[in-house]
>>> print(open('input-v1.txt').read())   # compact mmCIF, C-alpha atoms
# COMPACT_ATOMS: atom_id res chain seq x y z
CA MET A 33 -23.17 9.06 17.57
CA LYS A 34 -25.63 6.53 16.27
CA ILE A 35 -23.54 3.95 14.44
CA ALA A 36 -24.87 1.01 12.44
CA VAL A 37 -22.37 -1.84 12.31
CA LEU A 38 -23.25 -4.21 9.48
CA GLY A 39 -21.65 -7.53 10.29
CA THR A 40 -20.97 -9.05 13.71
CA GLY A 41 -17.85 -11.04 12.84
CA SER A 42 -14.32 -10.24 13.86
CA VAL A 43 -14.37 -6.78 12.23
CA GLY A 44 -17.87 -5.60 13.15
CA GLY A 45 -17.51 -7.19 16.55
CA ALA A 46 -14.23 -5.46 17.34
CA LEU A 47 -15.08 -1.97 16.10
CA GLY A 48 -18.75 -2.05 17.11
CA CYS A 49 -18.13 -3.26 20.63
CA ARG A 50 -15.28 -0.79 21.18
CA TRP A 51 -17.38 2.13 19.91
CA ALA A 52 -20.18 1.07 22.23
CA GLN A 53 -17.74 0.88 25.15
CA ALA A 54 -16.56 4.39 24.18
CA GLY A 55 -20.11 5.66 24.63
CA HIS A 56 -21.57 5.56 21.10
CA GLU A 57 -25.00 4.10 20.31
CA VAL A 58 -24.26 1.01 18.27
CA PHE A 59 -26.91 -0.89 16.32
CA PHE A 60 -25.53 -4.12 14.87
CA GLY A 61 -27.06 -5.28 11.60
CA ALA A 62 -26.95 -9.01 10.93
CA LEU A 63 -28.48 -11.44 8.47
CA ASP A 64 -29.50 -13.48 11.53
CA PRO A 65 -29.76 -11.27 14.61
CA ASN A 66 -30.31 -14.36 16.77
CA SER A 67 -27.11 -16.11 15.75
CA ASP A 68 -24.57 -16.92 18.45
CA GLU A 69 -22.17 -14.46 16.84
CA ALA A 70 -24.65 -11.59 16.77
CA GLN A 71 -25.78 -12.23 20.34
CA ALA A 72 -22.18 -12.40 21.52
CA ALA A 73 -21.44 -9.01 19.95
CA LEU A 74 -24.54 -7.55 21.59
CA GLU A 75 -23.57 -8.87 24.99
CA ARG A 76 -20.00 -7.61 24.74
CA ALA A 77 -21.15 -4.18 23.53
CA GLY A 78 -23.30 -3.62 26.55
CA ALA A 79 -26.71 -2.33 27.54
CA SER A 80 -27.03 0.56 25.09
CA ALA A 81 -26.35 -1.58 22.01
CA ARG A 82 -28.94 -3.25 19.80
CA VAL A 83 -29.01 -5.87 17.08
CA GLY A 84 -31.46 -6.34 14.27
CA ALA A 85 -31.82 -6.51 10.51
CA CYS A 86 -29.34 -4.44 8.48
CA ALA A 87 -32.09 -2.19 7.11
CA ASP A 88 -33.25 -1.34 10.64
CA ALA A 89 -29.72 -0.65 11.83
CA ILE A 90 -29.10 1.66 8.88
CA ALA A 91 -32.37 3.53 9.38
CA ALA A 92 -31.42 4.34 12.97
CA ALA A 93 -27.88 5.50 12.22
CA GLU A 94 -25.86 8.54 11.13
CA ALA A 95 -22.80 6.47 10.24
CA VAL A 96 -22.74 2.92 8.91
CA LEU A 97 -19.77 0.54 9.06
CA LEU A 98 -19.73 -1.84 6.10
CA ALA A 99 -18.15 -4.98 7.55
CA ILE A 100 -19.92 -7.36 5.21
CA PRO A 101 -18.60 -9.35 2.22
CA TRP A 102 -18.14 -7.34 -0.97
CA ASP A 103 -20.50 -9.61 -2.88
CA GLN A 104 -23.37 -8.79 -0.48
CA THR A 105 -22.75 -5.06 -0.29
CA GLN A 106 -25.01 -3.79 -3.08
CA SER A 107 -27.98 -5.93 -2.10
CA VAL A 108 -27.73 -5.18 1.63
CA LEU A 109 -27.59 -1.44 0.97
CA GLN A 110 -30.36 -1.60 -1.64
CA ALA A 111 -32.62 -3.26 0.93
CA ALA A 112 -32.21 -0.32 3.25
CA GLY A 113 -34.39 2.75 3.14
CA SER A 114 -32.86 6.10 2.38
CA LEU A 115 -29.09 6.40 2.65
CA ARG A 116 -29.28 10.15 2.10
CA GLY A 117 -26.63 11.96 4.09
CA LYS A 118 -25.48 8.82 5.88
CA ILE A 119 -21.74 8.24 6.23
CA LEU A 120 -20.80 4.84 4.83
CA MET A 121 -17.53 3.70 6.40
CA ASP A 122 -16.23 1.25 3.80
CA CYS A 123 -13.69 -1.12 5.33
CA ILE A 124 -14.22 -3.77 2.69
CA ASN A 125 -11.43 -5.50 0.76
CA PRO A 126 -12.84 -6.86 -2.52
CA LEU A 127 -10.48 -9.85 -2.55
CA THR A 128 -10.16 -12.56 -5.15
CA PRO A 129 -10.96 -16.06 -3.87
CA ASP A 130 -7.27 -16.94 -3.67
CA LEU A 131 -6.74 -13.92 -1.35
CA MET A 132 -3.87 -12.70 -3.52
CA GLY A 133 -5.49 -9.69 -5.18
CA VAL A 134 -8.57 -7.53 -5.64
CA THR A 135 -11.50 -8.17 -7.99
CA LEU A 136 -11.63 -4.60 -9.25
CA GLY A 137 -9.12 -1.80 -9.36
CA HIS A 138 -6.95 0.68 -11.25
CA THR A 139 -9.72 2.57 -13.02
CA THR A 140 -12.18 2.10 -10.16
CA SER A 141 -12.47 0.67 -6.65
CA ALA A 142 -15.07 -0.91 -4.41
CA ALA A 143 -15.48 2.43 -2.65
CA GLU A 144 -16.14 4.28 -5.90
CA GLN A 145 -18.53 1.53 -6.99
CA ILE A 146 -20.54 2.00 -3.79
CA ALA A 147 -20.58 5.76 -4.37
CA GLU A 148 -21.90 5.20 -7.91
CA TRP A 149 -24.64 2.85 -6.67
CA PHE A 150 -25.64 5.20 -3.85
CA PRO A 151 -24.71 8.81 -4.76
CA GLU A 152 -26.89 10.16 -1.91
CA ALA A 153 -24.61 8.54 0.65
CA ARG A 154 -21.24 9.86 1.87
CA VAL A 155 -18.69 7.12 1.29
CA VAL A 156 -15.45 7.13 3.27
CA LYS A 157 -12.83 4.42 2.80
CA ALA A 158 -11.37 3.57 6.20
CA PHE A 159 -10.21 0.65 8.37
CA ASN A 160 -9.68 -1.71 5.43
CA THR A 161 -5.95 -2.21 6.00
CA LEU A 162 -6.30 -3.53 9.56
CA SER A 163 -6.51 -6.99 11.05
CA ALA A 164 -9.17 -7.78 13.63
CA ALA A 165 -6.36 -8.03 16.21
CA THR A 166 -5.30 -4.47 15.40
CA MET A 167 -8.91 -3.28 15.52
CA GLU A 168 -9.10 -4.74 19.04
CA ASN A 169 -5.84 -3.05 20.03
CA PRO A 170 -4.12 -0.46 17.81
CA ARG A 171 -1.08 -0.13 20.05
CA TYR A 172 2.32 -1.29 18.85
CA GLY A 173 4.83 -0.43 21.54
CA ALA A 174 4.91 3.35 21.69
CA GLN A 175 3.19 3.70 18.32
CA ASN A 176 -0.39 3.40 17.09
CA ALA A 177 -1.48 1.72 13.90
CA HIS A 178 -2.33 4.16 11.13
CA VAL A 179 -5.78 4.23 9.55
CA PHE A 180 -5.70 5.43 5.95
CA ILE A 181 -8.84 7.45 5.13
CA CYS A 182 -10.09 8.84 1.84
CA GLY A 183 -13.37 10.24 0.56
CA ASP A 184 -14.97 13.12 -1.30
CA ASP A 185 -16.86 14.61 1.68
CA GLU A 186 -14.54 16.49 4.02
CA ALA A 187 -16.97 16.61 6.94
CA ALA A 188 -17.64 12.88 6.65
CA LYS A 189 -13.89 12.20 6.73
CA GLY A 190 -13.58 14.40 9.79
CA THR A 191 -16.21 12.36 11.58
CA VAL A 192 -14.56 9.08 10.65
CA LYS A 193 -11.18 10.36 11.82
CA GLU A 194 -12.70 11.10 15.23
CA LEU A 195 -14.21 7.61 15.34
CA ALA A 196 -10.72 6.26 14.59
CA ARG A 197 -9.03 8.41 17.24
CA VAL A 198 -11.48 7.44 19.97
CA LEU A 199 -10.39 3.81 19.45
CA GLY A 200 -6.69 4.68 19.65
CA PHE A 201 -5.81 4.85 15.94
CA ASP A 202 -3.87 7.63 14.23
CA PRO A 203 -5.79 8.63 11.08
CA VAL A 204 -3.94 9.49 7.85
CA GLU A 205 -5.71 11.80 5.39
CA CYS A 206 -5.48 10.21 1.95
CA GLY A 207 -7.50 12.67 -0.11
CA PRO A 208 -10.39 12.03 -2.48
CA LEU A 209 -12.29 8.77 -2.85
CA LYS A 210 -10.31 7.77 -5.94
CA LEU A 211 -7.35 7.08 -3.65
CA ALA A 212 -9.28 3.94 -2.72
CA ARG A 213 -7.57 2.61 -5.87
CA GLN A 214 -4.42 2.66 -3.72
CA LEU A 215 -5.98 1.79 -0.33
CA GLU A 216 -7.70 -1.38 -1.55
CA PRO A 217 -4.42 -2.85 -2.94
CA LEU A 218 -2.85 -1.87 0.39
CA GLY A 219 -5.52 -3.93 2.14
CA ALA A 220 -4.84 -6.80 -0.26
CA LEU A 221 -1.09 -6.52 0.44
CA TYR A 222 -1.82 -6.65 4.17
CA VAL A 223 -3.92 -9.81 3.81
CA TYR A 224 -1.27 -11.41 1.59
CA LEU A 225 1.51 -10.76 4.11
CA ALA A 226 -0.61 -11.83 7.08
CA VAL A 227 -1.83 -15.05 5.48
CA PHE A 228 0.99 -16.16 3.15
CA GLN A 229 4.17 -14.67 4.57
CA GLY A 230 3.75 -15.54 8.21
CA TRP A 231 3.00 -12.08 9.59
CA GLY A 232 -0.34 -13.04 11.11
CA GLY A 233 -2.67 -10.40 12.54
CA ASP A 234 -0.47 -8.71 15.15
CA CYS A 235 1.02 -6.32 12.64
CA ALA A 236 -0.01 -3.00 11.12
CA PHE A 237 1.24 -0.49 8.59
CA ARG A 238 2.50 2.84 9.84
CA MET A 239 4.10 5.72 7.94
CA LEU A 240 7.16 6.57 9.99
CA LYS A 241 8.14 10.25 10.08
CA ARG A 242 11.24 12.07 11.20
CA MET B 228 28.72 -7.25 -7.12
CA LYS B 229 28.70 -5.53 -10.46
CA ILE B 230 25.67 -3.26 -10.38
CA ALA B 231 24.41 -1.15 -13.28
CA VAL B 232 22.48 1.88 -12.06
CA LEU B 233 20.38 3.31 -14.88
CA GLY B 234 19.65 6.91 -13.99
CA THR B 235 21.82 9.37 -12.06
CA GLY B 236 19.05 11.45 -10.50
CA SER B 237 17.97 11.43 -6.88
CA VAL B 238 17.16 7.68 -6.89
CA GLY B 239 20.07 6.32 -8.94
CA GLY B 240 22.40 8.76 -7.26
CA ALA B 241 21.39 7.75 -3.74
CA LEU B 242 21.37 3.98 -4.20
CA GLY B 243 24.27 3.83 -6.67
CA CYS B 244 26.60 5.97 -4.59
CA ARG B 245 25.75 4.16 -1.37
CA TRP B 246 26.32 0.73 -2.99
CA ALA B 247 29.68 1.98 -4.31
CA GLN B 248 30.60 3.24 -0.85
CA ALA B 249 29.62 -0.20 0.50
CA GLY B 250 32.20 -1.78 -1.80
CA HIS B 251 30.17 -2.79 -4.86
CA GLU B 252 31.29 -2.09 -8.43
CA VAL B 253 28.80 0.45 -9.71
CA PHE B 254 28.46 1.41 -13.38
CA PHE B 255 26.06 4.30 -13.87
CA GLY B 256 24.14 4.37 -17.13
CA ALA B 257 23.02 7.77 -18.34
CA LEU B 258 21.54 9.25 -21.51
CA ASP B 259 24.33 11.87 -21.24
CA PRO B 260 27.27 10.52 -19.25
CA ASN B 261 28.89 13.95 -19.37
CA SER B 262 26.00 15.80 -17.75
CA ASP B 263 26.63 17.61 -14.46
CA GLU B 264 24.30 15.15 -12.75
CA ALA B 265 26.07 12.06 -14.06
CA GLN B 266 29.50 13.45 -13.25
CA ALA B 267 28.36 14.40 -9.75
CA ALA B 268 27.14 10.86 -9.12
CA LEU B 269 30.43 9.47 -10.40
CA GLU B 270 32.45 11.74 -8.14
CA ARG B 271 30.41 10.95 -5.07
CA ALA B 272 30.53 7.21 -5.75
CA GLY B 273 34.31 7.17 -5.73
CA ALA B 274 37.23 5.72 -7.63
CA SER B 275 35.83 2.29 -8.46
CA ALA B 276 32.64 3.62 -10.09
CA ARG B 277 32.11 4.28 -13.80
CA VAL B 278 29.58 6.09 -15.95
CA GLY B 279 28.65 5.49 -19.56
CA ALA B 280 25.80 4.61 -21.87
CA CYS B 281 23.03 2.45 -20.40
CA ALA B 282 23.81 -0.43 -22.76
CA ASP B 283 27.45 -0.49 -21.62
CA ALA B 284 26.49 -0.37 -17.95
CA ILE B 285 24.05 -3.26 -18.42
CA ALA B 286 26.59 -5.35 -20.32
CA ALA B 287 29.06 -5.08 -17.44
CA ALA B 288 26.58 -5.91 -14.67
CA GLU B 289 24.97 -8.82 -12.84
CA ALA B 290 22.20 -6.66 -11.36
CA VAL B 291 20.61 -3.60 -12.93
CA LEU B 292 18.72 -0.88 -11.05
CA LEU B 293 15.97 0.64 -13.20
CA ALA B 294 15.80 4.23 -11.95
CA ILE B 295 14.59 5.67 -15.24
CA PRO B 296 11.15 6.99 -16.27
CA TRP B 297 8.59 4.29 -17.06
CA ASP B 298 8.07 5.65 -20.57
CA GLN B 299 11.76 5.10 -21.41
CA THR B 300 12.07 1.66 -19.86
CA GLN B 301 11.29 -0.58 -22.82
CA SER B 302 13.50 1.33 -25.24
CA VAL B 303 16.46 1.60 -22.89
CA LEU B 304 16.37 -2.13 -22.17
CA GLN B 305 15.82 -3.02 -25.82
CA ALA B 306 18.97 -1.08 -26.74
CA ALA B 307 21.00 -3.23 -24.40
CA GLY B 308 22.62 -6.48 -25.43
CA SER B 309 21.58 -9.68 -23.74
CA LEU B 310 19.67 -9.41 -20.48
CA ARG B 311 19.85 -13.16 -19.97
CA GLY B 312 20.20 -14.01 -16.29
CA LYS B 313 20.55 -10.39 -15.22
CA ILE B 314 18.61 -9.27 -12.17
CA LEU B 315 16.47 -6.23 -13.02
CA MET B 316 15.72 -4.29 -9.83
CA ASP B 317 12.54 -2.45 -10.79
CA CYS B 318 11.99 0.58 -8.55
CA ILE B 319 9.79 2.36 -11.06
CA ASN B 320 6.41 3.88 -10.25
CA PRO B 321 4.38 4.15 -13.48
CA LEU B 322 2.59 7.30 -12.36
CA THR B 323 -0.08 9.27 -14.18
CA PRO B 324 0.96 12.84 -15.06
CA ASP B 325 -1.12 14.25 -12.20
CA LEU B 326 0.86 12.02 -9.77
CA MET B 327 -2.36 10.69 -8.28
CA GLY B 328 -2.38 7.17 -9.69
CA VAL B 329 -0.68 4.57 -11.87
CA THR B 330 -0.99 4.17 -15.63
CA LEU B 331 -1.46 0.39 -15.48
CA GLY B 332 -2.58 -1.97 -12.80
CA HIS B 333 -5.00 -4.53 -11.38
CA THR B 334 -4.60 -7.18 -14.07
CA THR B 335 -0.95 -6.33 -14.66
CA SER B 336 1.86 -4.08 -13.43
CA ALA B 337 4.95 -2.33 -14.74
CA ALA B 338 7.07 -5.14 -13.28
CA GLU B 339 5.07 -7.84 -15.06
CA GLN B 340 5.18 -5.81 -18.26
CA ILE B 341 8.98 -5.70 -18.08
CA ALA B 342 9.05 -9.45 -17.46
CA GLU B 343 6.86 -10.01 -20.55
CA TRP B 344 9.11 -7.81 -22.71
CA PHE B 345 12.29 -9.48 -21.43
CA PRO B 346 11.51 -13.02 -20.23
CA GLU B 347 15.22 -13.87 -20.15
CA ALA B 348 15.79 -11.37 -17.36
CA ARG B 349 15.02 -11.86 -13.65
CA VAL B 350 12.72 -9.04 -12.60
CA VAL B 351 12.48 -8.10 -8.94
CA LYS B 352 10.21 -5.26 -7.74
CA ALA B 353 12.02 -3.37 -5.01
CA PHE B 354 12.71 0.14 -3.67
CA ASN B 355 9.70 1.70 -5.42
CA THR B 356 7.94 2.85 -2.22
CA LEU B 357 10.86 4.97 -0.96
CA SER B 358 11.71 8.65 -1.22
CA ALA B 359 15.21 9.70 -2.21
CA ALA B 360 15.65 10.98 1.35
CA THR B 361 14.87 7.52 2.71
CA MET B 362 17.20 5.92 0.16
CA GLU B 363 19.96 8.20 1.50
CA ASN B 364 19.12 7.30 5.08
CA PRO B 365 16.70 4.48 5.98
CA ARG B 366 16.84 5.14 9.70
CA TYR B 367 13.75 6.41 11.53
CA GLY B 368 14.62 6.63 15.19
CA ALA B 369 15.19 3.05 16.30
CA GLN B 370 13.47 1.61 13.22
CA ASN B 371 14.51 1.09 9.61
CA ALA B 372 12.34 1.73 6.60
CA HIS B 373 10.90 -1.44 5.08
CA VAL B 374 11.61 -2.38 1.46
CA PHE B 375 8.81 -4.44 -0.06
CA ILE B 376 10.24 -7.00 -2.52
CA CYS B 377 8.47 -9.36 -4.90
CA GLY B 378 9.52 -11.48 -7.87
CA ASP B 379 9.32 -14.93 -9.41
CA ASP B 380 13.01 -15.83 -8.98
CA GLU B 381 13.85 -16.72 -5.38
CA ALA B 382 17.61 -16.40 -5.76
CA ALA B 383 17.25 -13.01 -7.42
CA LYS B 384 15.08 -11.83 -4.53
CA GLY B 385 17.66 -13.10 -2.08
CA THR B 386 20.34 -11.04 -3.80
CA VAL B 387 18.19 -7.93 -3.79
CA LYS B 388 17.37 -8.37 -0.11
CA GLU B 389 21.10 -8.43 0.64
CA LEU B 390 21.57 -5.26 -1.42
CA ALA B 391 18.79 -3.69 0.66
CA ARG B 392 20.25 -4.84 3.98
CA VAL B 393 23.74 -3.53 3.17
CA LEU B 394 22.19 -0.05 2.86
CA GLY B 395 20.35 -0.33 6.19
CA PHE B 396 16.90 -1.33 4.98
CA ASP B 397 14.78 -4.17 6.36
CA PRO B 398 13.46 -6.21 3.39
CA VAL B 399 9.92 -7.60 3.41
CA GLU B 400 9.25 -10.69 1.27
CA CYS B 401 6.11 -10.03 -0.76
CA GLY B 402 5.93 -13.17 -2.86
CA PRO B 403 5.61 -13.58 -6.62
CA LEU B 404 5.93 -10.80 -9.20
CA LYS B 405 2.17 -10.39 -9.49
CA LEU B 406 2.23 -8.75 -6.05
CA ALA B 407 3.67 -5.75 -7.93
CA ARG B 408 -0.04 -5.07 -8.56
CA GLN B 409 -0.11 -4.13 -4.87
CA LEU B 410 3.40 -2.64 -4.55
CA GLU B 411 2.97 -0.16 -7.40
CA PRO B 412 -0.22 1.34 -5.88
CA LEU B 413 1.69 1.48 -2.58
CA GLY B 414 4.35 3.53 -4.34
CA ALA B 415 1.65 5.76 -5.81
CA LEU B 416 0.09 6.18 -2.34
CA TYR B 417 3.51 7.17 -0.99
CA VAL B 418 3.99 9.81 -3.70
CA TYR B 419 0.45 11.14 -3.14
CA LEU B 420 1.00 11.55 0.61
CA ALA B 421 4.47 13.05 0.19
CA VAL B 422 3.44 15.55 -2.48
CA PHE B 423 -0.21 16.39 -1.71
CA GLN B 424 -0.69 15.78 2.00
CA GLY B 425 2.40 17.48 3.35
CA TRP B 426 4.40 14.43 4.38
CA GLY B 427 7.42 15.29 2.24
CA GLY B 428 10.27 12.81 1.80
CA ASP B 429 11.33 12.18 5.38
CA CYS B 430 8.79 9.43 5.88
CA ALA B 431 8.61 5.74 5.10
CA PHE B 432 6.19 2.83 5.42
CA ARG B 433 6.93 0.14 7.96
CA MET B 434 4.87 -2.87 8.98
CA LEU B 435 4.89 -2.75 12.77
CA LYS B 436 4.91 -6.10 14.54
CA ARG B 437 4.27 -7.13 18.12
>>> encode(input="input-v1.txt", output="structure tokens")
Amino acid sequence: MKIAVLGTGSVGGALGCRWAQAGHEVFFGALDPNSDEAQAALERAGASARVGACADAIAAAEAVLLAIPWDQTQSVLQAAGSLRGKILMDCINPLTPDLMGVTLGHTTSAAEQIAEWFPEARVVKAFNTLSAATMENPRYGAQNAHVFICGDDEAAKGTVKELARVLGFDPVECGPLKLARQLEPLGALYVYLAVFQGWGGDCAFRMLKR
Amino acid sequence: MKIAVLGTGSVGGALGCRWAQAGHEVFFGALDPNSDEAQAALERAGASARVGACADAIAAAEAVLLAIPWDQTQSVLQAAGSLRGKILMDCINPLTPDLMGVTLGHTTSAAEQIAEWFPEARVVKAFNTLSAATMENPRYGAQNAHVFICGDDEAAKGTVKELARVLGFDPVECGPLKLARQLEPLGALYVYLAVFQGWGGDCAFRMLKR
């Protein structure tokens, strides 16, 4: 698949590079494609990967990973050309500055806000409850981290689940996009535990089953 | 400890009976103490347990489990005598009728609402992300279900963590009461997955660590 990865930090770097290593065509989008960070992601991803402006990455892609800050999301996507039919993989946590909560919720979510701004796109909430360390390696002993996935387009969710599986995650179907009102607080809970309760990044939620 | 368990359904029944079997003094509070359900809980809990009106159960107790519907919570607690110093273990999920979300959130939570109504009490959010089946048996292979606990009173949280451990749960410290804004959506996510995505009740969240 042609995947645009917007953001070359710890999230975009981990997922983008691993998708490239798994054989996908990854086009990193960065505010500064010549930054050390962007160039490092390109080098790690390998010969088939590219880096450029976000709008160029989006234009080339079928699926787009949003690994950019929430407060840049609308403007970055507005600067792109058509988003029609493109899968937007929203792994954003719209956190308050104190990292203890989310800036919107309950009657809406960041994912639903994106879908309202860009109704021609196919928004899928996914990967937002994971640390960069887990994105690099989803394995916890004999178990994989779970990726909680919701969205209103079934085919888009199916594609994102395959992109999760190829990296070693176990996807969990979480229904329509409005369930982002539960997945974004879950991401906020994860950040709170990792940062304030000593868990760090080598931890991941899983729904145990018997 | 003297524990009031308000509600004799699948939640109050599971936790109340298991605390009684673990040696605690359990006083069930029920709208109808003579109902089949209340009498069944009493019988299962054993000789040291009692059942009566909610106000009587609360009066006798140091810790109170709120296993009643959200829409009855304020009135049941208002009908009690003093709640001063009592630990209120809030395991309520304030779900919408369609079971797909919560009726309040983001800038508040059911737990914080209870604390506003009854500032003399010590509210601890706990046990709200668990099925009755998990409350009966927290064991998943070699792992225990996690219980996510938050509250503004450290000693009260310590007590609740011990009440969780005695039943075989592993407690997870989740900070101040405002984190209920994340724990209540987690409970709603649990219900959604159990009811609408085929998980059923023999499943439980755990934060894996390596």
>>> residues_around(input="input-v1.txt", residues="Asp185 of chain A", least_positions_apart="5", cutoff="8 Å", atoms="only C-alpha atoms", output="list in words")
Arg154, Val155 and Val156 of chain A
>>> write_last_selection(input="input-v1.txt", atoms="C-alpha atoms", output="compact mmCIF listing (two decimals), in the coordinates of the input")
# COMPACT_ATOMS: atom_id res chain seq x y z
CA ARG A 154 -21.24 9.86 1.87
CA VAL A 155 -18.69 7.12 1.29
CA VAL A 156 -15.45 7.13 3.27
>>> closest_residue(input="input-v1.txt", among="B:Phe396, B:His333, B:Asp259, B:Phe375", to="chain A", atoms="all atoms listed in the file")
B:His333
>>> residues_around(input="input-v1.txt", residues="segment 260-277 of chain B", least_positions_apart="2", cutoff="9 Å", atoms="only C-alpha atoms", output="list in words")
Gly234, Thr235, Gly236, Gly239, Gly240, Ala241, Gly243, Cys244, Arg245, Trp246, Ala247, Gln248, Gly250, His251, Glu252, Val253, Phe254, Phe255, Gly256, Ala257, Leu258, Gly279, Ala280 and Ala284 of chain B
>>> interface_residues(input="input-v1.txt", of="chain B", to="chain A", cutoff="6 Å", atoms="all atoms listed in the file", output="count of residues only")
14
>>> residues_around(input="input-v1.txt", residues="segment 311-315 of chain B", least_positions_apart="4", cutoff="7 Å", atoms="all atoms listed in the file", output="VMD selection string")
chain B and resid 289 to 293 347 to 351 383
>>> residues_around(input="input-v1.txt", residues="Ala306 of chain B", least_positions_apart="5", cutoff="12 Å", atoms="only C-alpha atoms", output="PyMOL selection string")
chain B and resi 258+280-286+299-301+345
>>> atom_distance(input="input-v1.txt", atom1="atom CA of Lys388 of chain B", atom2="atom CA of Asn364 of chain B")
16.6 Å
